[in-house]
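> Sharing a structure here in structure tokens format.
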Amino acid sequence: MNNFQNQIEMELIQQQANDNTFDILTGKITINELLESNNDIPLLIQTKEVIDLENRLDVLEGMIEYYTEEEEYEKCAELVKLKNKLWS
């Protein structure tokens, strides 16, 4: 593969990882449901780290930044609400 193809593949994996983690953190799907659908699932965090508040907040910050750059503002708003809920 050339560099351009590698870059596209990495961007797709990054998008899948953000979308999968978004769905888990916002309760749209459970980790088990996601794992049952496919064994090769990209996530931004290890499944055991989902419980840790500090890791969640760090991941939320990165995801908010990612979705802002992608101009997916509805997802950003949902993540900000979740972050505020976790932080309060």
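By order in the structure tokens, chains are A, B, ...; within a chain, residues start at 1; ligands start at 1, following the order shown.
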What's around Thr26 of chain A at 9 Å? Count only C-alpha atoms, leave out sequence neighbours fewer than 6 positions away in its own chain, and write the answer as a PDB file with C-alpha atoms, in the first residue's frame.


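So the final result, stored in selection-v1.pdb, reads:
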```pdb
ATOM      1  CA  GLU A  78     -24.215  14.892  23.529  1.00  0.00           C
ATOM      2  CA  LEU A  79     -20.649  14.366  24.669  1.00  0.00           C
ATOM      3  CA  LEU A  82     -22.232  13.492  29.306  1.00  0.00           C
TER       4      LEU A  82
END
```

> Need to verify the contact set: segment 36-42 of chain A, 10 Å, only C-alpha atoms, exclusion of same-chain residues closer than 6 positions in sequence. Can you return it as a ChimeraX atom specification?

/A:13-21,30

> With DSSP run on the backbone, what are the helix (DSSP H, G or I) residues within segment 4-56 of chain A? I'd like them as a PyMOL selection string.

chain A and resi 4-25+31-37+47-51+53-56

> Write out as an MDAnalysis selection string each polymer residue whose atoms come within 9 Å of Val59 of chain A, counting only C-alpha atoms; drop sequence neighbours fewer than 4 positions from it.

chainID A and resid 21 44:45 54:55 63:64

> Hey, which of A:Ile29, A:Leu12, A:Ala77, A:Ile24 ends up closest to Glu65 of chain A? Count only C-alpha atoms.

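Smallest distance to Glu65 of chain A is found for A:Ala77.
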